[in-house]
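In what follows, a structure is listed as structure tokens, so that the remarks can point back to it.
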Amino acid sequence: MSTATEHAHDDHHHHMPTGIKRWIFTTNHKDIGTLYLWFAFIMFLVGGAMAMVIRAELFQPGLQIVEPNFFNQMTTVHGLIMVFGAVMPAFTGLANWLVPMMIGAPDMALPRMNNWSFWILPFAFIILLASLFMEGGGPAFGWTFYAPLSTTYSGDSTALFVFSVHIMGISSIMGAINVIVTIWNMRAPGMTWMKMPLFVWTWLITAFLLIAVMPVLAGAVTMVLTDKFFGTSFFDAAGGGDPVMFQHIFWFFGHPEVYIMILPAFGIISQIVPTFSRKKLFGYASMVYATTSIALLSFIVWAHHMFTTGMPVAAELFFMIATMLISVPTGVKVFNWVATMWRGSLTFEVPMLFALAFIVLFTIGGLSGLMLAITPVDFQYHDTYFVVAHFHYVLVSGAVFSIMAAVYYWLPKWTGKMFDVTLAKWHFWCSLISVNVLFFPMHFIGLAGMPRRIPDYALQFADFNKWISIGGFAFGLSQLIFLAVVIKACRKQGEPVSDQVWEGAEGLEWEIPSPAPYHTFETPPVVK
Amino acid sequence: MLSVTAFADSGAQKDQYQLNLSKGVTDISGQVYDLHMLMFYICVAIALVVFGVMFYAMYFHRKSRGAKPAHFHESVKVEIAWTVVPFIILIFMAVPAAKTLIAMEDSSKADVTVLVTGSQWKWHYKYMDRDLSYYSLLATQPEQIQNKFAKGENYLLEVDRPLVIPTGKKVRFLITSDDVIHSWWVPDFAVKKDANPGFINEAWTRVDQPGIYRGQCAELCGKDHGFMPVVVIAKDPAEYEAWVSEQEAIQRKAKEEEQKLLAMNMSMEELMSVGERVYNTSCAACHMPNGEGLPGVFPALKGSDMALNDMPAHIDIVVNGKSGTAMQAFGKQLSLKELAAVITYERNAWGNNTGDTVQAKDVNAVMNGQ
Amino acid sequence: MAEQEYQKYYVPEQSPWPIVGAVALFLIAVGAGNFVIESTKGESGFGGWILLAGIVTLLVMLIGWFNNQINESMNGMHSDQLGRSYRQGMSWFIFSEVMFFAAFFGALFYARVIAVPWLAGEGNNAMTNEVLWPGFEDMWPLTKTPGGTETTAMGWMGLPLYNTIILLVSSFTCHFAHVALEKEQRGKLKLMLGLTVLLGCIFLFLQVEEYVHAYREMNLTLQSGVYGNTFFLLTGFHGMHVTLGTIILIVLWLRIMKGHFTPKNHFAFQAGSWYWHFVDVVWVMLFFFVYIL
Ligand code: HEA
Ligand code: HEA
Ligand code: CUA
Ligand SMILES: [Cu+2]
């Protein structure tokens with residue numbers, strides 16, 4: 001405490017702390033970024049291991065490995081961990097590393113709070129994971145925790161689930177406030193709004209979405225808590241409430257949430273594609289407007305998750321049309337990326353490979369989303385594996401691939417060494433093939449009528465499920481290659497890289513030395 | 001009671017490699033299928049165009065082929081074009097979708113109305129204008145699920161008492177639930193509607209061909225969500241009429257029997273054997289076949305204070321359920337005989353050995369509120 | 001900005017407080033979770049104690065952290081830019097609070113405008129009413145639930161009205177205190193801020209009175225169906241915010257007694273007063289939607 005006051009203005013170079021204290025007490029955006037990224041990766045492995053349990057059980061019809069109740073816990077916690085523990089923290093980690101470097105700021109605007117936001121997360125997930133070992137098991141009501149399954153009919157651990165979501169929410173909100181304030185207030189002189197790199201833009205808007213909807217999720221879990229434990233009846237018709245009201249509140253959060261998981265990905269792709277096309281991003285301004293429109297539209301489409309709940313026709317039509325409209329700005333983005341590549345001078349380094357896979361596979365996922373938006377047909381698709389296929393395409397081969405692209409793209413900047421390219425290529429090709437074996441056939445079994453969230457299924461789905469599971473195991477193993485690449489890189493093995501690292505890379509982060517020094521831009525650069 | 005196999009399984013059989021939505025057997029399901037295909041082709045076309053251009057660039061504009069980067073990076077005209085064209089495509093998609101949707105949601109002027117109630121984990125059907133109602137439970141043997149017996153043809157998609165509806169008539173479903181949210185889904189009718197506790201949703205169908213149509217619960221409803229199928233048999237109106245009348249008569253007779261039963265006492269053996277059967281179909285899902293429950297979720301009956309000591313409370317909780325928990329009121333689901341038997345069973349199985357017998361009249365007494 | 005002389009942005013050294021805060025939240029979450037389970041089941045356990053430990057840890061953290069912060073600020077280490085960061089951070093925090101209340105207001109509107117009328121057979125829900133809730137009628141406040149629980153509605157006259165006036169007046173006194181601070185009128189500042197705190201306390205006292213009245217005489221409880229639920233959750237969370245706001249104002253008052261803040265440098269005061277105005281606006285919404293309409 002007093003240290004802060006003693007080293008007054010004059011000392012320009014804080015000494016670099018070491019050991020465990022460095023990580024626990026840190027206020028450095030790069031350290032915190034690293035913590036976030038490792039945490040997210042560990043959670044990805046944990047959530048992935050649960051997916052492996054799911055896939056092992058679904059390998060054949062019949063109950064083999066787990067009880068239905070445990071299966072439901074796996075599905076639920078897999079969804080929760082991947083969403084809140086893997087994808088969101090990974091993006092926050094990237095924001096921590098990159099936003100200050102991209103806008104020429106010395107650090108995040110609120111460095112101590114930054115540390116706080118991070119360290120809440122491991123605790124929140126310890127609670128969630130520990131609840132699996134409670135009597136009666138952990139949450140088993142799906143990541144969407146629909147009432148009254150999550151209220152009257154849930155186990156005791158619901159209380160812990162609720163409070164762990166509360167503190168996760170606190171963490172996300174603080175993280176988002178930090179990002180938004182950093183971008184708003186810490187840009188180097190000359191870094192005007194329309195000069196900001198797109199990753200910064202997309203995160204600005206993502207942060208806004210987070211602040212707007214995480215509190216609503218907190219409200220939803222609070223009502224679940226009081227309904228379950230304190231006799232309220234928000235979601236109980238006998239008291240004048242409505243179970244469907246839960247869904248409205250949840251999806252008011254939930255739909256913007258899925259864009260929270262994709263907008264930063266759009267930002268990443270918009271950084272990578274121009275670099276390896278050696279050409280400026282096509283349609284910068286329209287990218288910004290498209291991102292903004294997606295964010296705004298995302299607030300008025302939530303009920304497309306609820307077409308079968310018996311809403312009035314007028315509401316169904318409204319939500320169908322609003323949802324379809326989101327394709328237009330998203331399309332603009334896809335077209336802009338393709339136009340950036342058009343007549344460029346393309347090379348296919350690993351980050352670019354992941355970015356290209358992203359564009360193709362995300363578009364496939366987006367198009368199946370568009371099919372889901374068509375209300376009368378969604379009656380058939382809803383709650384089948386068709387939906388599962390849709391959201392894994394946008395989340396795994398979308399969000400997760402973009403995170404991997406980002407890691408490969410900026411890793412040399414972080415460590416100063418080129419990662420093991422051969423291994424990385426193996427990682428890419430294994431992932432690309434297995435992810436499609438894993439998720440593509442889900443479209444078929446979904447259309448053929450296999451419901452989601454079931455531990456056992458009718459015989460006509462058996463063959464495809466076997467393939468899906470095999471794809472799943474292969475995809476899981478492929479991620480171990482990634483782990484190896486990252487560990488090697490962290491051990492600083494490999495060729496040293498130049499400051500610019502990639503031939504076509506542009507932006508402030510490529511003008512500082514590699515590896516990026518512990519403190520950057522203590523005096524702001526001047527952006528022309 | 002109902003011989004399912006007596007019916008030719010017309011058209012509803014799914015084949016092993018079904019890749020696509022089924023066309024179904026109603027006008028609406030056909031429309032939905034056509035819409036689905038339309039959307040699908042549009043999406044494929046868009047994908048082909050986008051990926052086509054992209055792969056062209058990836059091949060021809062690569063550095064290794066000596067491509068030099070161009071300098072353009074915006075074009076208002078092109079950008080407007082690719083905003084407006086998708087918009088027009090969307091309108092083209094939305095119009096037929098809206099038409100079908102409006103037709104689907106019009107459940108007025110129905111010929112037959114059935115109240116469909118979901119509960120953990122079975123369906124209850126009540127013919128609103130007839131004197132007929134019954135539960136419909138999964139009929140697949142537990143041994144098949146546990147891989148002890150070979151799996152039958154309709155594994156997990158068979159029930160003890162299917163819903164029966166007439167062909168060619170507009171059948172309206174009033175869908176609700178006793179506990180959590182379920183969703184009543186028959187793909188061949190393109191009907192999927194959530195069963196929300198405390199509210200009634202409406203759906204309808206008009207089936208053209210007689211046959212057996214299978215579906216499943218489509219909303220996560222707890223542990224056995226995967227084990228609550230829907231089976232609907234469509235019969236032509238005359239057969240349907242005959243079937244309903246026959247069933248009404250059977251149910252009426254059963255009720256009369258019930259009254260007679262009040263005067264009789266059943267033996268311990270009989271109670272125990274009936275009780276075990278009822279226990280395994282109605283109670284074991286939660287309290288487990290060994291009576292040990294799932295700690296923290298479903299209480300154990302083995303060694304429970306209520307099952308060992310407090311008989312009136314025991315009868316009461318089975319008959320009336322316990323509000324605010326997953327314990328349902330079985331009073332309206334089971335007959336007096338079954339109730340008496342299952343309570344006796346619970347008081348004597350798994351080492352509970354109280355020696356108590358519960359008779360139909362004891363249950364009846366609790367039901368009539370004393 | 002380019003012309004301005006460059007002020008160094010203060011990036012603090014390592015700090016132990018955030019991790020203490022994280023541990024505090026961990027204890028609070030674990031404690032509260034277990035406490036809820038234990039207390040509703042009537043079991044005894046450690047939940048309450050863990051919760052208490054968490055709260056104490058959080059307080060220690062807040063005191064330590066704010067002490068740091070105050071020292072830095074008093075030592076002039078905060079640039080204008082940092083001041084802007086704080087102000088913007090606070091504004092976004094308040095926005096997040098607005099959205100938290102929005103969830104509960106949303107529940108209120110949904111219940112009133114959609115759920116209750118539907119239960120009474122509105123729209124395409126004729127069968128809902130006929131089959132499941134025969135005889136249930138649409139009304140708001142919902143004094144008789146579909147399940148048959150009865151209760152009385154809380155009128156807006158009397159206590160709620162007084163409370164509205166009290167909070168509105170306190171918003172003004174808070175504002176006057178701010179003006180006084182900016183004009184360097186310390187006496188008036190202390191008086192006005194003191195008054196604000198006092199009004200806040202009176203508000204809380206009356207709010208408790210109202211709850212006691214509701215529970216004892218009106219049979220209006222947390223279990224009284226969705227009317228009681230929205231009533232108590234909205235006013236309850238608001239009350240918690242008033243409590244927090246009052247504590248913040250008390251701390252500010254103590255700091256002012258110690259001579260802190262200058263007309264130019266008083267972010268903490270500004271944040272506190274923003275918070276107070278926010279709490280006040282929420283109350284006005286509450287008064288309108290929960291009590292009057
Ligand atoms: C990153 C996450 C993400 C993203 C980006 C999206 C994007 C979209 N999603 Fe998805 N969605 C999820 C994650 C996501 N979704 C999840 C997790 C669920 C399930 C939740 C649960 O129940 O557990 C879900 C479920 C879901 C449903 C509910 C299904 C059901 O349960 O019945 C619907 C229905 O409308 C939907 C629609 C859409 C649409 C229209 C988009 C659009 O944004 C897609 C837009 C993109 C494109 C259309 C492709 C590119 C565009 C072009 C190439 C331009 C040309 C196009 C045209 C002219 C049409 N999604
Ligand atoms: C970003 C989010 C995200 C990600 C990355 C994933 C990744 C994966 N998901 Fe997930 N999934 C969701 C979000 C996500 N999912 C959500 C929101 C749901 C809905 C939940 C609900 O219904 O409530 C869901 C549901 C869901 C289901 C449906 C469950 C059901 O309905 O019952 C399935 C089934 O196959 C599945 C599979 C997988 C697989 C195989 C992966 C793989 O990509 C995972 C790969 C990663 C690893 C495997 C880890 C790395 C490897 C190791 C740790 C070594 C061990 C490896 C082996 C033993 C082979 N997911
Ligand atoms: Cu009933 Cu799922
Ligand atoms: Cu959505």
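A note on labels: chains of the structure tokens are A, B, ... as shown, every chain counts residues from 1, and ligands are counted from 1 in their shown order.
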
7 Å shell around ligand 4 using only C-alpha atoms and all ligand atoms, listed as a ChimeraX atom specification
/A:254-255,258,301-302,304-305

Only all heavy atoms, please: the residues just picked out, written as a PDB file, in the first residue's frame.
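What landed in selection31.pdb:
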ATOM      1  N   GLY A 254     -29.581 -13.819 -22.813  1.00  0.00           N
ATOM      2  CA  GLY A 254     -28.924 -14.903 -23.536  1.00  0.00           C
ATOM      3  C   GLY A 254     -28.625 -14.595 -24.984  1.00  0.00           C
ATOM      4  O   GLY A 254     -27.569 -14.959 -25.494  1.00  0.00           O
ATOM      5  N   HIS A 255     -29.523 -13.900 -25.659  1.00  0.00           N
ATOM      6  CA  HIS A 255     -29.170 -13.657 -27.050  1.00  0.00           C
ATOM      7  C   HIS A 255     -28.021 -12.681 -27.196  1.00  0.00           C
ATOM      8  O   HIS A 255     -27.037 -13.007 -27.870  1.00  0.00           O
ATOM      9  CB  HIS A 255     -30.359 -13.304 -27.941  1.00  0.00           C
ATOM     10  CG  HIS A 255     -29.887 -13.269 -29.332  1.00  0.00           C
ATOM     11  ND1 HIS A 255     -29.739 -14.400 -30.094  1.00  0.00           N
ATOM     12  CD2 HIS A 255     -29.350 -12.272 -30.042  1.00  0.00           C
ATOM     13  CE1 HIS A 255     -29.157 -14.088 -31.232  1.00  0.00           C
ATOM     14  NE2 HIS A 255     -28.908 -12.792 -31.220  1.00  0.00           N
ATOM     15  N   VAL A 258     -24.788 -14.416 -26.873  1.00  0.00           N
ATOM     16  CA  VAL A 258     -24.124 -15.141 -27.959  1.00  0.00           C
ATOM     17  C   VAL A 258     -23.359 -14.177 -28.869  1.00  0.00           C
ATOM     18  O   VAL A 258     -22.334 -14.541 -29.433  1.00  0.00           O
ATOM     19  CB  VAL A 258     -25.067 -16.060 -28.778  1.00  0.00           C
ATOM     20  CG1 VAL A 258     -25.836 -16.988 -27.875  1.00  0.00           C
ATOM     21  CG2 VAL A 258     -25.966 -15.291 -29.699  1.00  0.00           C
ATOM     22  N   VAL A 301     -34.331  -9.645 -30.423  1.00  0.00           N
ATOM     23  CA  VAL A 301     -34.593 -10.912 -31.115  1.00  0.00           C
ATOM     24  C   VAL A 301     -34.699 -12.085 -30.140  1.00  0.00           C
ATOM     25  O   VAL A 301     -34.842 -13.218 -30.561  1.00  0.00           O
ATOM     26  CB  VAL A 301     -33.462 -11.239 -32.117  1.00  0.00           C
ATOM     27  CG1 VAL A 301     -33.358 -10.158 -33.158  1.00  0.00           C
ATOM     28  CG2 VAL A 301     -32.142 -11.430 -31.424  1.00  0.00           C
ATOM     29  N   TRP A 302     -34.648 -11.800 -28.825  1.00  0.00           N
ATOM     30  CA  TRP A 302     -34.442 -12.881 -27.878  1.00  0.00           C
ATOM     31  C   TRP A 302     -35.446 -14.019 -27.979  1.00  0.00           C
ATOM     32  O   TRP A 302     -35.098 -15.174 -27.767  1.00  0.00           O
ATOM     33  CB  TRP A 302     -34.395 -12.333 -26.444  1.00  0.00           C
ATOM     34  CG  TRP A 302     -35.728 -11.939 -25.893  1.00  0.00           C
ATOM     35  CD1 TRP A 302     -36.594 -12.748 -25.254  1.00  0.00           C
ATOM     36  CD2 TRP A 302     -36.338 -10.641 -25.912  1.00  0.00           C
ATOM     37  NE1 TRP A 302     -37.718 -12.039 -24.874  1.00  0.00           N
ATOM     38  CE2 TRP A 302     -37.581 -10.750 -25.263  1.00  0.00           C
ATOM     39  CE3 TRP A 302     -35.957  -9.396 -26.405  1.00  0.00           C
ATOM     40  CZ2 TRP A 302     -38.441  -9.666 -25.091  1.00  0.00           C
ATOM     41  CZ3 TRP A 302     -36.815  -8.322 -26.238  1.00  0.00           C
ATOM     42  CH2 TRP A 302     -38.030  -8.469 -25.601  1.00  0.00           C
ATOM     43  N   HIS A 304     -36.572 -15.653 -30.287  1.00  0.00           N
ATOM     44  CA  HIS A 304     -36.450 -16.722 -31.283  1.00  0.00           C
ATOM     45  C   HIS A 304     -36.024 -18.042 -30.635  1.00  0.00           C
ATOM     46  O   HIS A 304     -36.041 -19.069 -31.294  1.00  0.00           O
ATOM     47  CB  HIS A 304     -35.513 -16.339 -32.434  1.00  0.00           C
ATOM     48  CG  HIS A 304     -34.099 -16.091 -32.062  1.00  0.00           C
ATOM     49  ND1 HIS A 304     -33.371 -15.085 -32.601  1.00  0.00           N
ATOM     50  CD2 HIS A 304     -33.259 -16.707 -31.197  1.00  0.00           C
ATOM     51  CE1 HIS A 304     -32.151 -15.088 -32.102  1.00  0.00           C
ATOM     52  NE2 HIS A 304     -32.054 -16.072 -31.245  1.00  0.00           N
ATOM     53  N   HIS A 305     -35.649 -17.986 -29.360  1.00  0.00           N
ATOM     54  CA  HIS A 305     -35.376 -19.232 -28.639  1.00  0.00           C
ATOM     55  C   HIS A 305     -36.656 -19.816 -28.063  1.00  0.00           C
ATOM     56  O   HIS A 305     -36.627 -20.846 -27.415  1.00  0.00           O
ATOM     57  CB  HIS A 305     -34.377 -18.979 -27.515  1.00  0.00           C
ATOM     58  CG  HIS A 305     -33.050 -18.503 -28.015  1.00  0.00           C
ATOM     59  ND1 HIS A 305     -32.048 -19.373 -28.378  1.00  0.00           N
ATOM     60  CD2 HIS A 305     -32.565 -17.264 -28.250  1.00  0.00           C
ATOM     61  CE1 HIS A 305     -30.995 -18.674 -28.802  1.00  0.00           C
ATOM     62  NE2 HIS A 305     -31.286 -17.398 -28.733  1.00  0.00           N
TER      63      HIS A 305
END

Enumerate as a ChimeraX atom specification the residues within 10 Å of ligand 3, counting only C-alpha atoms and all ligand atoms.
/A:451-454 /B:118-123,177,179-184,194-195,216-230

DSSP on the backbone: which residues in stretch 75-186 of chain B end up as alpha helix (DSSP H)? Give the answer as an mmCIF file with N, CA, C and O atoms, in the first residue's frame.
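So part_8.cif came out as:
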data_model
loop_
_atom_site.group_PDB
_atom_site.id
_atom_site.type_symbol
_atom_site.label_atom_id
_atom_site.label_comp_id
_atom_site.auth_asym_id
_atom_site.auth_seq_id
_atom_site.Cartn_x
_atom_site.Cartn_y
_atom_site.Cartn_z
ATOM 1 N N VAL B 76 -18.686 2.279 -52.119
ATOM 2 C CA VAL B 76 -20.039 2.474 -51.605
ATOM 3 C C VAL B 76 -21.045 1.665 -52.408
ATOM 4 O O VAL B 76 -21.939 1.041 -51.846
ATOM 5 N N LYS B 77 -20.860 1.634 -53.710
ATOM 6 C CA LYS B 77 -21.844 0.947 -54.555
ATOM 7 C C LYS B 77 -21.933 -0.527 -54.195
ATOM 8 O O LYS B 77 -23.004 -1.069 -53.960
ATOM 9 N N VAL B 78 -20.777 -1.162 -54.164
ATOM 10 C CA VAL B 78 -20.784 -2.586 -53.863
ATOM 11 C C VAL B 78 -21.378 -2.827 -52.478
ATOM 12 O O VAL B 78 -22.178 -3.737 -52.273
ATOM 13 N N GLU B 79 -20.988 -1.969 -51.538
ATOM 14 C CA GLU B 79 -21.470 -2.201 -50.171
ATOM 15 C C GLU B 79 -22.982 -2.050 -50.077
ATOM 16 O O GLU B 79 -23.651 -2.803 -49.373
ATOM 17 N N ILE B 80 -23.518 -1.066 -50.779
ATOM 18 C CA ILE B 80 -24.978 -0.929 -50.763
ATOM 19 C C ILE B 80 -25.604 -2.162 -51.403
ATOM 20 O O ILE B 80 -26.569 -2.727 -50.885
ATOM 21 N N ALA B 81 -25.015 -2.613 -52.487
ATOM 22 C CA ALA B 81 -25.589 -3.775 -53.177
ATOM 23 C C ALA B 81 -25.649 -4.968 -52.244
ATOM 24 O O ALA B 81 -26.679 -5.637 -52.140
ATOM 25 N N TRP B 82 -24.565 -5.221 -51.533
ATOM 26 C CA TRP B 82 -24.627 -6.437 -50.725
ATOM 27 C C TRP B 82 -25.289 -6.223 -49.366
ATOM 28 O O TRP B 82 -25.310 -7.102 -48.537
ATOM 29 N N THR B 83 -25.837 -5.034 -49.186
ATOM 30 C CA THR B 83 -26.760 -4.880 -48.070
ATOM 31 C C THR B 83 -28.196 -5.088 -48.560
ATOM 32 O O THR B 83 -29.012 -5.723 -47.897
ATOM 33 N N VAL B 84 -28.459 -4.536 -49.753
ATOM 34 C CA VAL B 84 -29.841 -4.563 -50.237
ATOM 35 C C VAL B 84 -30.231 -5.946 -50.748
ATOM 36 O O VAL B 84 -31.335 -6.424 -50.465
ATOM 37 N N VAL B 85 -29.327 -6.595 -51.464
ATOM 38 C CA VAL B 85 -29.694 -7.894 -52.042
ATOM 39 C C VAL B 85 -30.067 -8.912 -50.954
ATOM 40 O O VAL B 85 -31.128 -9.537 -51.037
ATOM 41 N N PRO B 86 -29.252 -9.072 -49.903
ATOM 42 C CA PRO B 86 -29.672 -9.995 -48.848
ATOM 43 C C PRO B 86 -31.019 -9.616 -48.253
ATOM 44 O O PRO B 86 -31.848 -10.474 -47.947
ATOM 45 N N PHE B 87 -31.230 -8.309 -48.148
ATOM 46 C CA PHE B 87 -32.495 -7.855 -47.590
ATOM 47 C C PHE B 87 -33.665 -8.360 -48.425
ATOM 48 O O PHE B 87 -34.664 -8.866 -47.907
ATOM 49 N N ILE B 88 -33.509 -8.258 -49.720
ATOM 50 C CA ILE B 88 -34.584 -8.726 -50.611
ATOM 51 C C ILE B 88 -34.754 -10.243 -50.485
ATOM 52 O O ILE B 88 -35.884 -10.748 -50.432
ATOM 53 N N ILE B 89 -33.643 -10.943 -50.406
ATOM 54 C CA ILE B 89 -33.748 -12.397 -50.234
ATOM 55 C C ILE B 89 -34.534 -12.716 -48.965
ATOM 56 O O ILE B 89 -35.381 -13.619 -48.943
ATOM 57 N N LEU B 90 -34.277 -11.939 -47.935
ATOM 58 C CA LEU B 90 -34.968 -12.201 -46.669
ATOM 59 C C LEU B 90 -36.472 -12.011 -46.809
ATOM 60 O O LEU B 90 -37.271 -12.791 -46.282
ATOM 61 N N ILE B 91 -36.861 -10.966 -47.520
ATOM 62 C CA ILE B 91 -38.300 -10.753 -47.707
ATOM 63 C C ILE B 91 -38.902 -11.958 -48.419
ATOM 64 O O ILE B 91 -39.959 -12.471 -48.045
ATOM 65 N N PHE B 92 -38.170 -12.428 -49.403
ATOM 66 C CA PHE B 92 -38.617 -13.572 -50.171
ATOM 67 C C PHE B 92 -38.793 -14.802 -49.264
ATOM 68 O O PHE B 92 -39.654 -15.649 -49.496
ATOM 69 N N MET B 93 -37.980 -14.882 -48.222
ATOM 70 C CA MET B 93 -38.106 -16.007 -47.298
ATOM 71 C C MET B 93 -39.233 -15.781 -46.297
ATOM 72 O O MET B 93 -39.924 -16.708 -45.881
ATOM 73 N N ALA B 94 -39.403 -14.534 -45.872
ATOM 74 C CA ALA B 94 -40.318 -14.262 -44.762
ATOM 75 C C ALA B 94 -41.782 -14.424 -45.164
ATOM 76 O O ALA B 94 -42.605 -14.844 -44.350
ATOM 77 N N VAL B 95 -42.107 -14.107 -46.416
ATOM 78 C CA VAL B 95 -43.522 -14.104 -46.781
ATOM 79 C C VAL B 95 -44.168 -15.488 -46.681
ATOM 80 O O VAL B 95 -45.160 -15.654 -45.965
ATOM 81 N N PRO B 96 -43.603 -16.502 -47.363
ATOM 82 C CA PRO B 96 -44.247 -17.822 -47.211
ATOM 83 C C PRO B 96 -44.199 -18.321 -45.764
ATOM 84 O O PRO B 96 -45.129 -18.994 -45.305
ATOM 85 N N ALA B 97 -43.124 -17.971 -45.048
ATOM 86 C CA ALA B 97 -43.017 -18.420 -43.664
ATOM 87 C C ALA B 97 -44.168 -17.854 -42.846
ATOM 88 O O ALA B 97 -44.813 -18.566 -42.068
ATOM 89 N N ALA B 98 -44.448 -16.570 -43.045
ATOM 90 C CA ALA B 98 -45.528 -15.945 -42.281
ATOM 91 C C ALA B 98 -46.852 -16.613 -42.596
ATOM 92 O O ALA B 98 -47.665 -16.882 -41.704
ATOM 93 N N LYS B 99 -47.067 -16.928 -43.879
ATOM 94 C CA LYS B 99 -48.336 -17.555 -44.257
ATOM 95 C C LYS B 99 -48.522 -18.878 -43.531
ATOM 96 O O LYS B 99 -49.565 -19.154 -42.936
ATOM 97 N N THR B 100 -47.511 -19.727 -43.598
ATOM 98 C CA THR B 100 -47.618 -21.032 -42.954
ATOM 99 C C THR B 100 -47.832 -20.870 -41.456
ATOM 100 O O THR B 100 -48.654 -21.549 -40.848
ATOM 101 N N LEU B 101 -47.097 -19.933 -40.873
ATOM 102 C CA LEU B 101 -47.194 -19.745 -39.433
ATOM 103 C C LEU B 101 -48.616 -19.395 -39.024
ATOM 104 O O LEU B 101 -49.167 -19.971 -38.081
ATOM 105 N N ILE B 102 -49.211 -18.493 -39.776
ATOM 106 C CA ILE B 102 -50.555 -18.061 -39.392
ATOM 107 C C ILE B 102 -51.526 -19.236 -39.490
ATOM 108 O O ILE B 102 -52.375 -19.436 -38.630
ATOM 109 N N ALA B 103 -51.349 -20.054 -40.533
ATOM 110 C CA ALA B 103 -52.224 -21.225 -40.653
ATOM 111 C C ALA B 103 -52.029 -22.189 -39.494
ATOM 112 O O ALA B 103 -52.987 -22.758 -38.976
ATOM 113 N N MET B 104 -50.785 -22.349 -39.077
ATOM 114 C CA MET B 104 -50.515 -23.303 -38.001
ATOM 115 C C MET B 104 -51.136 -22.886 -36.683
ATOM 116 O O MET B 104 -51.487 -23.711 -35.856
ATOM 117 N N PRO B 142 -36.779 -51.663 -19.013
ATOM 118 C CA PRO B 142 -35.535 -51.118 -18.449
ATOM 119 C C PRO B 142 -34.336 -51.966 -18.845
ATOM 120 O O PRO B 142 -33.242 -51.429 -19.045
ATOM 121 N N GLU B 143 -34.531 -53.255 -18.984
ATOM 122 C CA GLU B 143 -33.396 -54.128 -19.332
ATOM 123 C C GLU B 143 -32.811 -53.780 -20.697
ATOM 124 O O GLU B 143 -31.620 -53.947 -20.925
ATOM 125 N N GLN B 144 -33.702 -53.332 -21.610
ATOM 126 C CA GLN B 144 -33.161 -52.932 -22.914
ATOM 127 C C GLN B 144 -32.293 -51.696 -22.751
ATOM 128 O O GLN B 144 -31.246 -51.569 -23.376
ATOM 129 N N ILE B 145 -32.769 -50.787 -21.913
ATOM 130 C CA ILE B 145 -32.008 -49.548 -21.725
ATOM 131 C C ILE B 145 -30.661 -49.860 -21.088
ATOM 132 O O ILE B 145 -29.640 -49.280 -21.433
#

Measuring between only C-alpha atoms, which one of B:Thr117, B:Asn201, B:Gln209, B:Gln31 shows the shortest distance to chain A?
B:Asn201

Contact set, chain C to chain B: 7 Å, only C-alpha atoms, as a ChimeraX atom specification
/C:125,127-128,132

If the limit is 6 Å from any atom of ligand 2, counting only C-alpha atoms and all ligand atoms, which residues qualify? Return them as a ChimeraX atom specification.
/A:44-46,48-49,51-52,54-55,75-76,79,82-83,87,142-144,392,395-396,452-454,472-473,475-477,479-480

Can you tell me which residues surround stretch 246-258 of chain B at a distance of at most 7 Å, considering only C-alpha atoms, apart from same-chain residues fewer than 4 positions away, and format the answer as a ChimeraX atom specification?
/B:131-132,242,262,336
